[in-house]
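Following: one structure in structure tokens, then a few remarks.
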Amino acid sequence: MRAIIGPLATLFRWYSKRNLDYRLVEKKSPSDAPPVPIAHSWSASGKEGVDYHMNMALDPVISFQEFVEMLEDFGVVPHLIRRSNVKRAFRIACGGLTPYETRRTPNPHPEDLRYPQFCDLIVRVALAGFSRPEDHLEYPGPTEKLRAMMGVMQLRTCRPKHLRDFLDLLAKRSSSRGCRRTLYKWNYVDCEDVTATAENCITENGWWAYSKDPAPQYLVDILKEHDVATGRVYLPDWRHFHFPMLDMGCFGPEDCKHYRIVVRNRGAREVEVSIDVEGMPFGTWSYSEKPLASGIGRVIDVEVHGHKGSERIQEYLGEVRISAVDEDPVRGEQLETHTVPVYARFEPWALDRMKGCVHRGV
């Protein structure tokens, strides 16, 4: 029995090798995860005994290297677009770089994309790959360019049997990818840089392949038109914490706790820092409002007191948004925001429980 899911989700689950751990909020599954096949037995064996199979995790992620290998298998890289152009679109899709930024981010670890960002990236690659002047005659608009890319990647069918057969064949020829790289090694060098031509292919609202905003929803819907719909609107039921989380634990009526968040400016210029707290209607957040120089750290002091007079358990899941404004003389004002999730739980009997009292039914 074969896995009955669409071609887009099939590609994503075939090339993604890892699963990202998420912190469960309200015990719900992620509504924007790719569809899960009803059969788990589809796999293929390579020449050297390596097993290739679909990633059956609840919420898998795909790395840049895995995404490029997928494009190489379908001939997108290096015949339609450079690897460096894909890398820039990849980093924009996961929020790493702005369109014209070239310096590396401080985080040395590789980035990963979930299913929504994977779909966003394919739209960007399609618009950039078919943005050359000779492509405008056959594919004049963004919709035509996206459908052309879907044809190249075998995504224009609701029964992806041919796609699965093609992936099975690739798995049995595990050394073919290295042979193709050797055969087309000069194409990697001679392939035209599409950064400049991609600016000429814009949507009605001004979006283009290297815009920092997400891809227009109508293009994502076209990309997913042959996939099994989940029937649910995206809700952030699960939240991936890219940055440290402030877990305040449990408070009693008389408890007072102190916390500290350290913010460091890793940029090259002085920035203005501001703090915005949401969903945490308690405690005192104090910090200096002076500009933060390059390489200098700043401490945010947090003082939290327990609720007095409350007779029920109260839980809070809020966030602290730390924003930095950079006055760039070339690109103008640049805003960068990082979010630190905050959790706290207040129990009126927490103090009695620490003294050894037992409360039934808690």
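Ordering of the structure tokens sets the chain letters (A, B, ...); residue numbers start at 1 within each chain; ligands are numbered from 1 in the order shown.
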Mind listing the strand (DSSP E or B) residues of segment 118-359 of chain A, per DSSP on the backbone, as a ChimeraX atom specification? /A:239,246-251,256-264,271-278,284-286,292,297-305,314-328,332-346
Find the residues near segment 77-88 of chain A: any atom within 8 Å, counting only C-alpha atoms, skip ones fewer than 6 places away on the same chain, and give them as a ChimeraX atom specification. /A:64,68,71,97,99,125,128-130,184,187-188,191-195,210
For the residues in that selection, give me all heavy atoms as a short mmCIF file (atom, residue, chain, number, x, y, z; two decimals), in the first residue's frame.
```cif
data_model
loop_
_atom_site.label_atom_id
_atom_site.label_comp_id
_atom_site.auth_asym_id
_atom_site.auth_seq_id
_atom_site.Cartn_x
_atom_site.Cartn_y
_atom_site.Cartn_z
N PHE A 64 19.49 23.19 4.34
CA PHE A 64 19.86 23.77 3.06
C PHE A 64 20.48 22.73 2.14
O PHE A 64 20.17 22.68 0.94
CB PHE A 64 20.84 24.93 3.28
CG PHE A 64 21.42 25.47 2.00
CD1 PHE A 64 20.65 26.21 1.12
CD2 PHE A 64 22.75 25.24 1.68
CE1 PHE A 64 21.17 26.70 -0.06
CE2 PHE A 64 23.28 25.72 0.51
CZ PHE A 64 22.50 26.46 -0.37
N VAL A 68 19.07 21.67 -1.56
CA VAL A 68 19.86 21.77 -2.79
C VAL A 68 19.96 20.42 -3.48
O VAL A 68 19.92 20.34 -4.72
CB VAL A 68 21.25 22.35 -2.48
CG1 VAL A 68 22.17 22.27 -3.69
CG2 VAL A 68 21.12 23.81 -2.04
N LEU A 71 16.91 20.01 -5.52
CA LEU A 71 16.95 20.80 -6.75
C LEU A 71 17.92 20.21 -7.76
O LEU A 71 17.66 20.26 -8.97
CB LEU A 71 17.35 22.24 -6.41
CG LEU A 71 16.39 23.03 -5.51
CD1 LEU A 71 16.89 24.46 -5.34
CD2 LEU A 71 14.98 23.04 -6.09
N LEU A 97 18.62 36.74 6.61
CA LEU A 97 19.21 37.92 5.98
C LEU A 97 18.12 38.74 5.31
O LEU A 97 17.12 38.22 4.86
CB LEU A 97 20.24 37.52 4.92
CG LEU A 97 21.59 37.00 5.39
CD1 LEU A 97 22.43 36.63 4.19
CD2 LEU A 97 22.30 38.04 6.22
N PRO A 99 17.17 41.27 1.97
CA PRO A 99 17.49 41.02 0.58
C PRO A 99 18.89 41.45 0.15
O PRO A 99 19.52 40.78 -0.65
CB PRO A 99 16.42 41.81 -0.16
CG PRO A 99 15.27 41.86 0.77
CD PRO A 99 15.87 41.91 2.14
N VAL A 125 12.31 30.39 -5.41
CA VAL A 125 13.21 29.79 -6.40
C VAL A 125 12.57 29.80 -7.78
O VAL A 125 13.25 30.02 -8.80
CB VAL A 125 13.59 28.36 -5.96
CG1 VAL A 125 14.35 27.64 -7.06
CG2 VAL A 125 14.42 28.40 -4.69
N ALA A 128 12.74 33.37 -9.22
CA ALA A 128 14.11 33.76 -9.55
C ALA A 128 14.66 32.93 -10.70
O ALA A 128 15.37 33.45 -11.57
CB ALA A 128 15.00 33.61 -8.32
N GLY A 129 14.35 31.63 -10.74
CA GLY A 129 14.90 30.77 -11.78
C GLY A 129 14.39 31.06 -13.16
O GLY A 129 15.09 30.84 -14.16
N PHE A 130 13.16 31.57 -13.28
CA PHE A 130 12.58 31.90 -14.59
C PHE A 130 12.47 33.41 -14.77
O PHE A 130 11.49 33.90 -15.35
CB PHE A 130 11.20 31.26 -14.73
CG PHE A 130 11.23 29.76 -14.89
CD1 PHE A 130 11.04 28.94 -13.79
CD2 PHE A 130 11.47 29.18 -16.13
CE1 PHE A 130 11.07 27.56 -13.93
CE2 PHE A 130 11.50 27.81 -16.28
CZ PHE A 130 11.31 26.99 -15.17
N TYR A 184 28.41 18.17 -14.84
CA TYR A 184 27.96 19.55 -15.03
C TYR A 184 28.74 20.52 -14.15
O TYR A 184 28.20 21.56 -13.73
CB TYR A 184 26.47 19.66 -14.69
CG TYR A 184 25.58 18.81 -15.56
CD1 TYR A 184 24.86 17.74 -15.00
CD2 TYR A 184 25.47 19.04 -16.93
CE1 TYR A 184 24.04 16.95 -15.79
CE2 TYR A 184 24.65 18.25 -17.72
CZ TYR A 184 23.95 17.21 -17.14
OH TYR A 184 23.15 16.43 -17.93
N ASN A 187 28.76 24.02 -15.36
CA ASN A 187 27.47 24.72 -15.26
C ASN A 187 27.32 25.43 -13.93
O ASN A 187 26.66 26.47 -13.85
CB ASN A 187 26.32 23.73 -15.46
CG ASN A 187 26.28 23.16 -16.85
OD1 ASN A 187 27.05 22.26 -17.18
ND2 ASN A 187 25.41 23.67 -17.69
N TYR A 188 27.93 24.88 -12.88
CA TYR A 188 27.88 25.56 -11.59
C TYR A 188 28.62 26.90 -11.64
O TYR A 188 28.29 27.83 -10.91
CB TYR A 188 28.51 24.67 -10.50
CG TYR A 188 27.65 23.51 -10.09
CD1 TYR A 188 27.69 22.30 -10.79
CD2 TYR A 188 26.79 23.60 -9.01
CE1 TYR A 188 26.91 21.22 -10.41
CE2 TYR A 188 26.01 22.53 -8.62
CZ TYR A 188 26.07 21.34 -9.33
OH TYR A 188 25.28 20.28 -8.95
N CYS A 191 26.61 29.34 -14.67
CA CYS A 191 25.20 29.71 -14.47
C CYS A 191 25.09 31.18 -14.09
O CYS A 191 25.83 31.70 -13.25
CB CYS A 191 24.58 28.84 -13.39
SG CYS A 191 22.81 29.09 -13.17
N GLU A 192 24.17 31.86 -14.74
CA GLU A 192 24.02 33.31 -14.55
C GLU A 192 23.44 33.64 -13.19
O GLU A 192 22.54 32.95 -12.69
CB GLU A 192 23.11 33.87 -15.65
CG GLU A 192 22.86 35.36 -15.58
CD GLU A 192 21.88 35.83 -16.62
OE1 GLU A 192 21.48 35.00 -17.46
OE2 GLU A 192 21.50 37.02 -16.59
N ASP A 193 23.96 34.70 -12.59
CA ASP A 193 23.42 35.20 -11.33
C ASP A 193 22.09 35.90 -11.61
O ASP A 193 22.03 36.84 -12.42
CB ASP A 193 24.41 36.17 -10.69
CG ASP A 193 24.00 36.56 -9.27
OD1 ASP A 193 22.88 36.21 -8.86
OD2 ASP A 193 24.80 37.22 -8.58
N VAL A 194 21.01 35.46 -10.95
CA VAL A 194 19.66 35.97 -11.25
C VAL A 194 19.20 37.01 -10.24
O VAL A 194 18.02 37.38 -10.23
CB VAL A 194 18.65 34.81 -11.31
CG1 VAL A 194 19.00 33.84 -12.43
CG2 VAL A 194 18.58 34.08 -9.97
N THR A 195 20.10 37.50 -9.39
CA THR A 195 19.68 38.48 -8.38
C THR A 195 19.14 39.75 -9.04
O THR A 195 18.11 40.29 -8.62
CB THR A 195 20.86 38.83 -7.46
OG1 THR A 195 21.36 37.64 -6.86
CG2 THR A 195 20.42 39.79 -6.38
N TYR A 210 13.27 37.99 -3.61
CA TYR A 210 14.14 38.25 -2.46
C TYR A 210 13.54 39.28 -1.51
O TYR A 210 14.26 39.96 -0.79
CB TYR A 210 15.53 38.71 -2.94
CG TYR A 210 16.28 37.62 -3.66
CD1 TYR A 210 16.64 37.77 -5.00
CD2 TYR A 210 16.63 36.45 -3.01
CE1 TYR A 210 17.32 36.76 -5.67
CE2 TYR A 210 17.31 35.44 -3.68
CZ TYR A 210 17.65 35.61 -5.00
OH TYR A 210 18.32 34.59 -5.66
#
```
Distance of atom CA of Pro60 of chain A from atom CA of Phe166 of chain A, expressed in Å to one decimal place: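 Result for atom CA of Phe166 of chain A versus atom CA of Pro60 of chain A: 21.9 Å, one decimal.
You will find atom CA of Leu170 of chain A at 15.4 Å from atom CA of Phe12 of chain A.
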Tell me, as a list of chain:residue names, which residues lie within 10 Å of Met280 of chain A, counting only C-alpha atoms; anything in the same chain fewer than 2 positions away does not count.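 Listed by chain and then number, they are A:Val277, A:Glu278, A:Phe282, A:Gly283, A:Glu315, A:Tyr316, A:Leu317, A:Gly318, A:Glu319, A:Val320, A:Val342, A:Tyr343, A:Ala344.
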Limited to N, CA, C and O atoms, could you put the picked residues into a file as an mmCIF file, in the first residue's frame?
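part-v1.cif was written with the following content:
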```cif
data_model
loop_
_atom_site.group_PDB
_atom_site.id
_atom_site.type_symbol
_atom_site.label_atom_id
_atom_site.label_comp_id
_atom_site.auth_asym_id
_atom_site.auth_seq_id
_atom_site.Cartn_x
_atom_site.Cartn_y
_atom_site.Cartn_z
ATOM 1 N N VAL A 277 6.611 44.030 26.853
ATOM 2 C CA VAL A 277 6.166 42.820 27.539
ATOM 3 C C VAL A 277 4.689 42.605 27.253
ATOM 4 O O VAL A 277 3.882 43.530 27.382
ATOM 5 N N GLU A 278 4.328 41.374 26.857
ATOM 6 C CA GLU A 278 2.948 41.058 26.522
ATOM 7 C C GLU A 278 2.539 39.757 27.199
ATOM 8 O O GLU A 278 3.292 38.780 27.208
ATOM 9 N N PHE A 282 2.227 41.246 35.494
ATOM 10 C CA PHE A 282 2.777 41.266 36.847
ATOM 11 C C PHE A 282 4.269 41.511 36.734
ATOM 12 O O PHE A 282 4.860 41.431 35.656
ATOM 13 N N GLY A 283 4.887 41.804 37.865
ATOM 14 C CA GLY A 283 6.336 41.958 37.900
ATOM 15 C C GLY A 283 6.800 43.328 37.433
ATOM 16 O O GLY A 283 6.040 44.148 36.899
ATOM 17 N N GLU A 315 -2.088 30.454 35.268
ATOM 18 C CA GLU A 315 -0.932 30.222 34.420
ATOM 19 C C GLU A 315 -0.845 31.333 33.373
ATOM 20 O O GLU A 315 -1.867 31.789 32.850
ATOM 21 N N TYR A 316 0.387 31.736 33.098
ATOM 22 C CA TYR A 316 0.626 32.795 32.123
ATOM 23 C C TYR A 316 1.691 32.333 31.132
ATOM 24 O O TYR A 316 2.731 31.798 31.525
ATOM 25 N N LEU A 317 1.423 32.521 29.858
ATOM 26 C CA LEU A 317 2.406 32.296 28.800
ATOM 27 C C LEU A 317 2.490 33.579 27.980
ATOM 28 O O LEU A 317 1.638 33.857 27.140
ATOM 29 N N GLY A 318 3.482 34.384 28.271
ATOM 30 C CA GLY A 318 3.671 35.654 27.583
ATOM 31 C C GLY A 318 4.987 35.702 26.846
ATOM 32 O O GLY A 318 5.640 34.681 26.620
ATOM 33 N N GLU A 319 5.390 36.899 26.489
ATOM 34 C CA GLU A 319 6.651 37.048 25.771
ATOM 35 C C GLU A 319 7.214 38.440 25.986
ATOM 36 O O GLU A 319 6.479 39.392 26.239
ATOM 37 N N VAL A 320 8.525 38.514 25.898
ATOM 38 C CA VAL A 320 9.248 39.779 25.989
ATOM 39 C C VAL A 320 9.857 40.049 24.624
ATOM 40 O O VAL A 320 10.677 39.262 24.138
ATOM 41 N N VAL A 342 7.979 33.658 27.967
ATOM 42 C CA VAL A 342 8.011 33.684 29.430
ATOM 43 C C VAL A 342 6.828 32.866 29.950
ATOM 44 O O VAL A 342 5.698 33.021 29.473
ATOM 45 N N TYR A 343 7.101 32.002 30.936
ATOM 46 C CA TYR A 343 6.054 31.175 31.528
ATOM 47 C C TYR A 343 6.083 31.324 33.043
ATOM 48 O O TYR A 343 7.161 31.374 33.656
ATOM 49 N N ALA A 344 4.910 31.395 33.662
ATOM 50 C CA ALA A 344 4.798 31.471 35.122
ATOM 51 C C ALA A 344 3.500 30.801 35.562
ATOM 52 O O ALA A 344 2.491 30.822 34.845
#
```
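Backbone DSSP of segment 183-314 of chain A yields alpha helix (DSSP H) at Leu183, Lys185, Trp186, Asn187, Tyr188, Val189, Asp190, Thr195, Ala196, Thr197, Ala198, Gln217, Tyr218, Leu219, Val220, Asp221, Ile222 and Leu223 of chain A.
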Atom pair atom CA of Arg269 of chain A / atom CA of Gly297 of chain A: separation (Å):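 So the two atoms, atom CA of Arg269 of chain A and atom CA of Gly297 of chain A, lie 13.5 Å apart.
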So, with only C-alpha atoms as the atoms that count, which of A:Glu347, A:Glu303, A:Glu270, A:Glu144 lies closest to Thr203 of chain A?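 Counting only C-alpha atoms, the residue closest to Thr203 of chain A is A:Glu144.
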Using only C-alpha atoms, which residues sit within 9 Å of Glu111 of chain A once same-chain residues fewer than 4 positions away are excluded, as an MDAnalysis selection string? chainID A and resid 62:64 90:91 94 96
Ile300 of chain A: which residues within 10 Å, counting only C-alpha atoms, same-chain residues fewer than 4 positions away excluded, as a ChimeraX atom specification? /A:259-263,275,285-288
Would you save the residues of that selection, restricted to C-alpha atoms, as an mmCIF file, in the first residue's frame?
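File result_39.cif, as written:
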```cif
data_model
loop_
_atom_site.group_PDB
_atom_site.id
_atom_site.type_symbol
_atom_site.label_atom_id
_atom_site.label_comp_id
_atom_site.auth_asym_id
_atom_site.auth_seq_id
_atom_site.Cartn_x
_atom_site.Cartn_y
_atom_site.Cartn_z
ATOM 1 C CA TYR A 259 15.574 37.140 36.959
ATOM 2 C CA ARG A 260 17.992 38.675 34.512
ATOM 3 C CA ILE A 261 18.080 38.834 30.700
ATOM 4 C CA VAL A 262 21.360 39.886 29.072
ATOM 5 C CA VAL A 263 21.181 41.601 25.666
ATOM 6 C CA ILE A 275 11.457 46.345 25.581
ATOM 7 C CA TRP A 285 10.949 45.041 34.186
ATOM 8 C CA SER A 286 13.751 47.586 34.487
ATOM 9 C CA TYR A 287 16.554 48.438 32.055
ATOM 10 C CA SER A 288 18.560 51.390 30.792
#
```
Show me, as a list of chain:residue names, the residues that have an atom within 12 Å of Asp221 of chain A when counting only C-alpha atoms, minus same-chain residues fewer than 4 positions from it.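 Contacts, with the query itself left out: A:Leu8, A:Pro116, A:Cys119, A:Asp120, A:Val123, A:Thr143, A:Leu146, A:Arg147, A:Ala215, A:Pro216, A:Gln217, A:Glu225, A:His226, A:Asp227, A:Val228, A:Ala229.
Considering only C-alpha atoms, the residue among A:Ser16, A:Thr337, A:Gln314, A:Asn265 positioned nearest to Gln65 of chain A is A:Ser16.
The nearest approach to Arg321 of chain A among the residues A:Pro140, A:Gly279, A:Val304, A:Arg298, with only C-alpha atoms taken into account, belongs to A:Gly279.
If only C-alpha atoms are the atoms counted, then among A:Pro291, A:Pro34, A:Gly178, A:Gly141 the closest residue to Val273 of chain A is A:Pro291.
Distances to Glu289 of chain A were evaluated for A:Val302, A:Met149, A:Ile5, A:Ala324 using only C-alpha atoms, and the minimum falls at A:Ala324.
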